[in-house]
Amino acid sequence: MSTQDSVPASKFAMFWSLTKPSQSGLLLATGLAGYMSARCPIFHIATILGLSFSLFLAIAGSTIMNMWWDRDIDAQMGRTQKRVTCKGLVTDKEVLMVGVIVSVIGIGWALAMDWRYGLVVFAGWFFDVVVYSMWLKRRTCWSIVWGGISGAMPILAGRVLGLGSIDWIGLMLALGVLLWIPTHTLTFSMKFQKDYADAGVPTFPSTYGLGVTRFTIALSSILAAAAMIAAGVGIGMDWGFLRLLGVLSAGLFMLAAATTFSPTERVNFGLFKYASVYMLAAMILVVLEVI
C-alpha cells in the first residue's frame with residue numbers, strides 16, 4: 001500500500017478513536033434492546049439497520065463534538081493527553097466539521113424514520129453536547145446527572161421506535177441506565193482525581209469527598225438494579241431471565257457495598273468494569289427474552 005493510500009485510512013482511524021467505540025457501542029446496544037423490548041418482529045432488518053446506523057451516528061457525533069469542545073482540558077489530563085485532538089494530529093476545524101456532519105446525518109436519519117424516535121435521539125444529543133459538556137461540566141459536579149440523561153436516551157429511543165410512544169416501561173429502562181451511570185462515572189472520577197483537579201473540572205470526590213461519593217455509588221446501584229428489574233417484570237421477562245438479572249444486580253450491589261465499606265483501588269476499578277458488564281448483560285437478557 002502506498003503512503004498516499006494509507007493517509008485516508010489513518011485519518012479515518014483517528015476520527016474513529018474520537019467516537020469512543022466501546023462506549024458508543026454499549027449505548028447502541030441499549031438502543032437495540034429498547035427496540036426489542038417492544039416485542040417488534042426481529043426480521044424487520046431494514047428498521048433494525050436504520051436504528052443501528054442512525055443511533056450510532058448520533059452518538060458518535062455527540063462524542064466527537066464533546067472531544068472538540070473539551071480539547072483544552074483534555075490536554076491537561078494525563079489520561080487524555082494522547083488523544084489525537086491534543087497531539088495536533090487533526091485540526092480543530094476538522095474535528096468540528098466531522099462532528100457536525102456525523103451528528104446531522106444521524107439525527108436527520110432518525111427523524112426520517114419516525115419523528116418521535118428522532119426527537120428522543122436529538123434530546124440525547126442536546127443533553128450530552130450542549131447541557132452537559134458546554135454548559136455544566138466545568139461548573140458543577142452535578143453535570144453527571146444531565147450527562148446521565150443523555151446516556152439514558154438511546155434505550156428510550158429504541159423503545160419509542162418499536163412502540164410508537166413513551167410508556168412507563170421505557171421510562172424505567174431509561175431510569176435504570178440513568179442510575180447506572182454514576183456507578184460507572186463516579187468510580188472513574190475517584191481513580192483519576194488528580195487529572196480532573198489539574199483540569200479544573202469539579203467532581204463528586206473533589207466537592208463532597210470520597211465517603212459521600214462511595215455512598216452515592218452504592219445508592220445509585222441499588223436504584224438502578226430496582227429499575228431494571230421493574231422494567232423486566234413490565235416486559236414480561238421469563239422467570240429464569242428475571243432471576244439471572246437479579247443475580248447480576250446482586251453482584252453490582254455487593255461490589256458497590258465493598259466500595260463503600262472496604263474501599264480499595266482494586267475494588268473501585270472492579271466496580272467500574274463490572275458496571276459495564278452488568279449493563280451489557282442486562283441488555284442481552286432483554287433481547288433474549290423477546291426472541
# chains A, B, ... in the order shown; residues from 1 in each chain; ligands from 1

call {"tool": "residues_around", "arguments": {"residues": "region 219-222 of chain A", "least_positions_apart": "5", "cutoff": "12 Å", "atoms": "only C-alpha atoms", "output": "ChimeraX atom specification"}}
result
/A:145,148,175-187,212-214,227-229,246,248-257,259-260,271-272,274-275,278-279

call {"tool": "write_last_selection", "arguments": {"atoms": "C-alpha atoms", "output": "PDB file, in the first residue's frame"}}
result
ATOM      1  CA  VAL A 145     -26.970  13.853  36.126  1.00  0.00           C
ATOM      2  CA  GLY A 148     -26.765  10.520  32.570  1.00  0.00           C
ATOM      3  CA  LEU A 175     -34.080   5.304  34.598  1.00  0.00           C
ATOM      4  CA  GLY A 176     -32.093   2.109  35.027  1.00  0.00           C
ATOM      5  CA  VAL A 177     -29.420   3.408  32.652  1.00  0.00           C
ATOM      6  CA  LEU A 178     -29.511   6.891  34.202  1.00  0.00           C
ATOM      7  CA  LEU A 179     -28.951   5.471  37.697  1.00  0.00           C
ATOM      8  CA  TRP A 180     -26.308   3.049  36.431  1.00  0.00           C
ATOM      9  CA  ILE A 181     -24.177   5.848  35.008  1.00  0.00           C
ATOM     10  CA  PRO A 182     -22.992   7.222  38.425  1.00  0.00           C
ATOM     11  CA  THR A 183     -21.747   3.717  39.266  1.00  0.00           C
ATOM     12  CA  HIS A 184     -19.666   3.918  36.118  1.00  0.00           C
ATOM     13  CA  THR A 185     -18.547   7.544  36.131  1.00  0.00           C
ATOM     14  CA  LEU A 186     -18.027   8.193  39.848  1.00  0.00           C
ATOM     15  CA  THR A 187     -15.659   5.248  40.229  1.00  0.00           C
ATOM     16  CA  VAL A 212     -20.223  10.716  50.015  1.00  0.00           C
ATOM     17  CA  THR A 213     -19.113   9.609  46.547  1.00  0.00           C
ATOM     18  CA  ARG A 214     -18.993   5.955  47.589  1.00  0.00           C
ATOM     19  CA  ALA A 227     -35.439  -0.006  37.926  1.00  0.00           C
ATOM     20  CA  MET A 228     -34.075  -2.681  35.587  1.00  0.00           C
ATOM     21  CA  ILE A 229     -35.895  -5.455  37.448  1.00  0.00           C
ATOM     22  CA  GLY A 246     -31.440 -10.397  39.931  1.00  0.00           C
ATOM     23  CA  LEU A 248     -26.329  -9.780  38.195  1.00  0.00           C
ATOM     24  CA  SER A 249     -27.916  -6.941  40.161  1.00  0.00           C
ATOM     25  CA  ALA A 250     -26.825  -8.532  43.437  1.00  0.00           C
ATOM     26  CA  GLY A 251     -23.249  -8.628  42.144  1.00  0.00           C
ATOM     27  CA  LEU A 252     -23.458  -4.929  41.307  1.00  0.00           C
ATOM     28  CA  PHE A 253     -24.789  -4.164  44.772  1.00  0.00           C
ATOM     29  CA  MET A 254     -22.134  -6.247  46.561  1.00  0.00           C
ATOM     30  CA  LEU A 255     -19.314  -4.506  44.717  1.00  0.00           C
ATOM     31  CA  ALA A 256     -20.918  -1.135  45.486  1.00  0.00           C
ATOM     32  CA  ALA A 257     -21.151  -2.107  49.166  1.00  0.00           C
ATOM     33  CA  THR A 259     -16.551   0.156  47.643  1.00  0.00           C
ATOM     34  CA  THR A 260     -18.447   1.915  50.431  1.00  0.00           C
ATOM     35  CA  LEU A 271     -16.867  -1.989  40.126  1.00  0.00           C
ATOM     36  CA  PHE A 272     -16.112   0.314  37.189  1.00  0.00           C
ATOM     37  CA  TYR A 274     -18.395  -4.756  36.279  1.00  0.00           C
ATOM     38  CA  ALA A 275     -20.841  -1.891  35.789  1.00  0.00           C
ATOM     39  CA  TYR A 278     -23.757  -5.636  34.053  1.00  0.00           C
ATOM     40  CA  MET A 279     -25.431  -3.213  31.670  1.00  0.00           C
TER      41      MET A 279
END

call {"tool": "residues_around", "arguments": {"residues": "Ser133 (chain A)", "least_positions_apart": "5", "cutoff": "10 Å", "atoms": "only C-alpha atoms", "output": "NGL selection string"}}
result
:A and (62-63 or 65-67 or 69-70 or 126-128 or 138-139 or 143-144 or 146-147)

call {"tool": "write_last_selection", "arguments": {"atoms": "N, CA and C atoms", "output": "PDB file, in the first residue's frame"}}
result
ATOM      1  N   SER A  62     -22.121  13.177  18.773  1.00  0.00           N
ATOM      2  CA  SER A  62     -22.085  13.902  20.045  1.00  0.00           C
ATOM      3  C   SER A  62     -20.747  13.699  20.744  1.00  0.00           C
ATOM      4  N   THR A  63     -20.182  12.503  20.643  1.00  0.00           N
ATOM      5  CA  THR A  63     -18.892  12.223  21.279  1.00  0.00           C
ATOM      6  C   THR A  63     -17.775  13.017  20.619  1.00  0.00           C
ATOM      7  N   MET A  65     -18.165  15.839  19.034  1.00  0.00           N
ATOM      8  CA  MET A  65     -18.383  17.231  19.422  1.00  0.00           C
ATOM      9  C   MET A  65     -17.853  17.497  20.832  1.00  0.00           C
ATOM     10  N   ASN A  66     -18.038  16.541  21.725  1.00  0.00           N
ATOM     11  CA  ASN A  66     -17.505  16.684  23.089  1.00  0.00           C
ATOM     12  C   ASN A  66     -15.979  16.757  23.068  1.00  0.00           C
ATOM     13  N   MET A  67     -15.353  15.916  22.238  1.00  0.00           N
ATOM     14  CA  MET A  67     -13.899  15.930  22.118  1.00  0.00           C
ATOM     15  C   MET A  67     -13.412  17.290  21.611  1.00  0.00           C
ATOM     16  N   TRP A  69     -14.985  20.199  21.967  1.00  0.00           N
ATOM     17  CA  TRP A  69     -15.212  21.225  22.985  1.00  0.00           C
ATOM     18  C   TRP A  69     -14.220  21.095  24.149  1.00  0.00           C
ATOM     19  N   ASP A  70     -13.873  19.869  24.519  1.00  0.00           N
ATOM     20  CA  ASP A  70     -13.034  19.623  25.698  1.00  0.00           C
ATOM     21  C   ASP A  70     -11.549  19.497  25.367  1.00  0.00           C
ATOM     22  N   PHE A 126     -28.569  16.661  22.465  1.00  0.00           N
ATOM     23  CA  PHE A 126     -28.606  18.005  23.043  1.00  0.00           C
ATOM     24  C   PHE A 126     -28.150  17.992  24.502  1.00  0.00           C
ATOM     25  N   PHE A 127     -28.670  17.044  25.282  1.00  0.00           N
ATOM     26  CA  PHE A 127     -28.273  16.956  26.689  1.00  0.00           C
ATOM     27  C   PHE A 127     -26.783  16.670  26.818  1.00  0.00           C
ATOM     28  N   ASP A 128     -26.247  15.855  25.929  1.00  0.00           N
ATOM     29  CA  ASP A 128     -24.839  15.479  26.016  1.00  0.00           C
ATOM     30  C   ASP A 128     -23.918  16.623  25.607  1.00  0.00           C
ATOM     31  N   ARG A 138     -17.930  22.076  33.428  1.00  0.00           N
ATOM     32  CA  ARG A 138     -16.856  22.844  34.072  1.00  0.00           C
ATOM     33  C   ARG A 138     -17.367  23.687  35.235  1.00  0.00           C
ATOM     34  N   ARG A 139     -18.683  23.589  35.497  1.00  0.00           N
ATOM     35  CA  ARG A 139     -19.284  24.422  36.537  1.00  0.00           C
ATOM     36  C   ARG A 139     -19.691  23.650  37.791  1.00  0.00           C
ATOM     37  N   SER A 143     -23.227  17.884  36.926  1.00  0.00           N
ATOM     38  CA  SER A 143     -23.364  17.752  35.474  1.00  0.00           C
ATOM     39  C   SER A 143     -23.556  16.289  35.069  1.00  0.00           C
ATOM     40  N   ILE A 144     -23.079  15.353  35.938  1.00  0.00           N
ATOM     41  CA  ILE A 144     -23.205  13.934  35.570  1.00  0.00           C
ATOM     42  C   ILE A 144     -24.662  13.495  35.484  1.00  0.00           C
ATOM     43  N   TRP A 146     -27.109  15.260  34.173  1.00  0.00           N
ATOM     44  CA  TRP A 146     -27.554  15.626  32.832  1.00  0.00           C
ATOM     45  C   TRP A 146     -26.843  14.790  31.776  1.00  0.00           C
ATOM     46  N   GLY A 147     -25.578  14.445  32.047  1.00  0.00           N
ATOM     47  CA  GLY A 147     -24.897  13.517  31.174  1.00  0.00           C
ATOM     48  C   GLY A 147     -25.547  12.147  31.219  1.00  0.00           C
TER      49      GLY A 147
END

call {"tool": "residues_around", "arguments": {"residues": "Leu210 (chain A)", "least_positions_apart": "3", "cutoff": "12 Å", "atoms": "only C-alpha atoms", "output": "VMD selection string"}}
result
chain A and resid 186 to 187 189 to 191 193 203 to 207 213 to 217 259 to 261 263 to 264 268

call {"tool": "atom_distance", "arguments": {"atom1": "CA of Ala152 (chain A)", "atom2": "CA of Leu173 (chain A)"}}
result
8.0 Å

call {"tool": "closest_residue", "arguments": {"among": "A:Met153, A:Ile59, A:Val98, A:Ile48", "to": "Leu119 (chain A)", "atoms": "only C-alpha atoms"}}
result
A:Met153

call {"tool": "residues_around", "arguments": {"residues": "Phe53 (chain A)", "least_positions_apart": "6", "cutoff": "12 Å", "atoms": "only C-alpha atoms", "output": "MDAnalysis selection string"}}
result
chainID A and resid 24:25 28:29 31:32 46:47 59:61 102:103 105:110 113

call {"tool": "atom_distance", "arguments": {"atom1": "CA of Ala199 (chain A)", "atom2": "CA of Glu265 (chain A)"}}
result
21.8 Å

call {"tool": "atom_distance", "arguments": {"atom1": "CA of Arg79 (chain A)", "atom2": "CA of Tyr196 (chain A)"}}
result
9.9 Å

call {"tool": "closest_residue", "arguments": {"among": "A:Leu27, A:Ile45, A:Leu163, A:Val100", "to": "Val121 (chain A)", "atoms": "only C-alpha atoms"}}
result
A:Leu27

call {"tool": "closest_residue", "arguments": {"among": "A:Thr91, A:Val201, A:Trp168, A:Arg243", "to": "Leu136 (chain A)", "atoms": "only C-alpha atoms"}}
result
A:Val201

call {"tool": "select_by_dssp", "arguments": {"residues": "region 12-115 of chain A", "states": "helix (DSSP H, G or I)", "output": "PyMOL selection string"}}
result
chain A and resi 12-17+21-37+45-69+71-74+84-87+92-113+115

call {"tool": "closest_residue", "arguments": {"among": "A:Ser22, A:Ser17, A:Ser37, A:Thr30", "to": "Ile169 (chain A)", "atoms": "only C-alpha atoms"}}
result
A:Ser37

call {"tool": "residues_around", "arguments": {"residues": "Leu156 (chain A)", "least_positions_apart": "6", "cutoff": "7 Å", "atoms": "only C-alpha atoms", "output": "list of chain:residue names"}}
result
A:Gly34, A:Gly170, A:Leu171, A:Ala174

call {"tool": "decode", "arguments": {"residues": "region 149-195 of chain A", "atoms": "C-alpha atoms", "output": "mmCIF file, in the first residue's frame"}}
result
data_model
loop_
_atom_site.group_PDB
_atom_site.id
_atom_site.type_symbol
_atom_site.label_atom_id
_atom_site.label_comp_id
_atom_site.auth_asym_id
_atom_site.auth_seq_id
_atom_site.Cartn_x
_atom_site.Cartn_y
_atom_site.Cartn_z
ATOM 1 C CA ILE A 149 -29.979 11.697 30.970
ATOM 2 C CA SER A 150 -28.250 11.771 27.589
ATOM 3 C CA GLY A 151 -26.947 8.250 28.216
ATOM 4 C CA ALA A 152 -30.468 7.077 29.010
ATOM 5 C CA MET A 153 -31.931 8.386 25.760
ATOM 6 C CA PRO A 154 -30.769 5.578 23.392
ATOM 7 C CA ILE A 155 -32.726 2.848 25.192
ATOM 8 C CA LEU A 156 -35.786 5.093 25.386
ATOM 9 C CA ALA A 157 -35.395 5.997 21.706
ATOM 10 C CA GLY A 158 -35.263 2.335 20.721
ATOM 11 C CA ARG A 159 -38.455 1.545 22.626
ATOM 12 C CA VAL A 160 -40.199 4.611 21.189
ATOM 13 C CA LEU A 161 -39.298 3.456 17.677
ATOM 14 C CA GLY A 162 -40.681 -0.008 18.368
ATOM 15 C CA LEU A 163 -43.769 1.056 20.310
ATOM 16 C CA GLY A 164 -44.633 4.408 18.736
ATOM 17 C CA SER A 165 -44.938 6.156 22.103
ATOM 18 C CA ILE A 166 -43.347 6.634 25.512
ATOM 19 C CA ASP A 167 -44.605 4.284 28.231
ATOM 20 C CA TRP A 168 -43.666 3.535 31.834
ATOM 21 C CA ILE A 169 -41.518 0.553 30.829
ATOM 22 C CA GLY A 170 -39.449 2.750 28.528
ATOM 23 C CA LEU A 171 -39.048 5.271 31.338
ATOM 24 C CA MET A 172 -37.978 2.503 33.746
ATOM 25 C CA LEU A 173 -35.406 1.239 31.270
ATOM 26 C CA ALA A 174 -34.107 4.785 30.823
ATOM 27 C CA LEU A 175 -34.080 5.304 34.598
ATOM 28 C CA GLY A 176 -32.093 2.109 35.027
ATOM 29 C CA VAL A 177 -29.420 3.408 32.652
ATOM 30 C CA LEU A 178 -29.511 6.891 34.202
ATOM 31 C CA LEU A 179 -28.951 5.471 37.697
ATOM 32 C CA TRP A 180 -26.308 3.049 36.431
ATOM 33 C CA ILE A 181 -24.177 5.848 35.008
ATOM 34 C CA PRO A 182 -22.992 7.222 38.425
ATOM 35 C CA THR A 183 -21.747 3.717 39.266
ATOM 36 C CA HIS A 184 -19.666 3.918 36.118
ATOM 37 C CA THR A 185 -18.547 7.544 36.131
ATOM 38 C CA LEU A 186 -18.027 8.193 39.848
ATOM 39 C CA THR A 187 -15.659 5.248 40.229
ATOM 40 C CA PHE A 188 -13.788 6.695 37.275
ATOM 41 C CA SER A 189 -13.621 10.150 38.875
ATOM 42 C CA MET A 190 -12.185 8.620 42.066
ATOM 43 C CA LYS A 191 -9.475 6.780 40.133
ATOM 44 C CA PHE A 192 -8.449 9.907 38.212
ATOM 45 C CA GLN A 193 -8.989 12.590 40.857
ATOM 46 C CA LYS A 194 -5.691 14.299 40.089
ATOM 47 C CA ASP A 195 -6.430 14.520 36.370
#
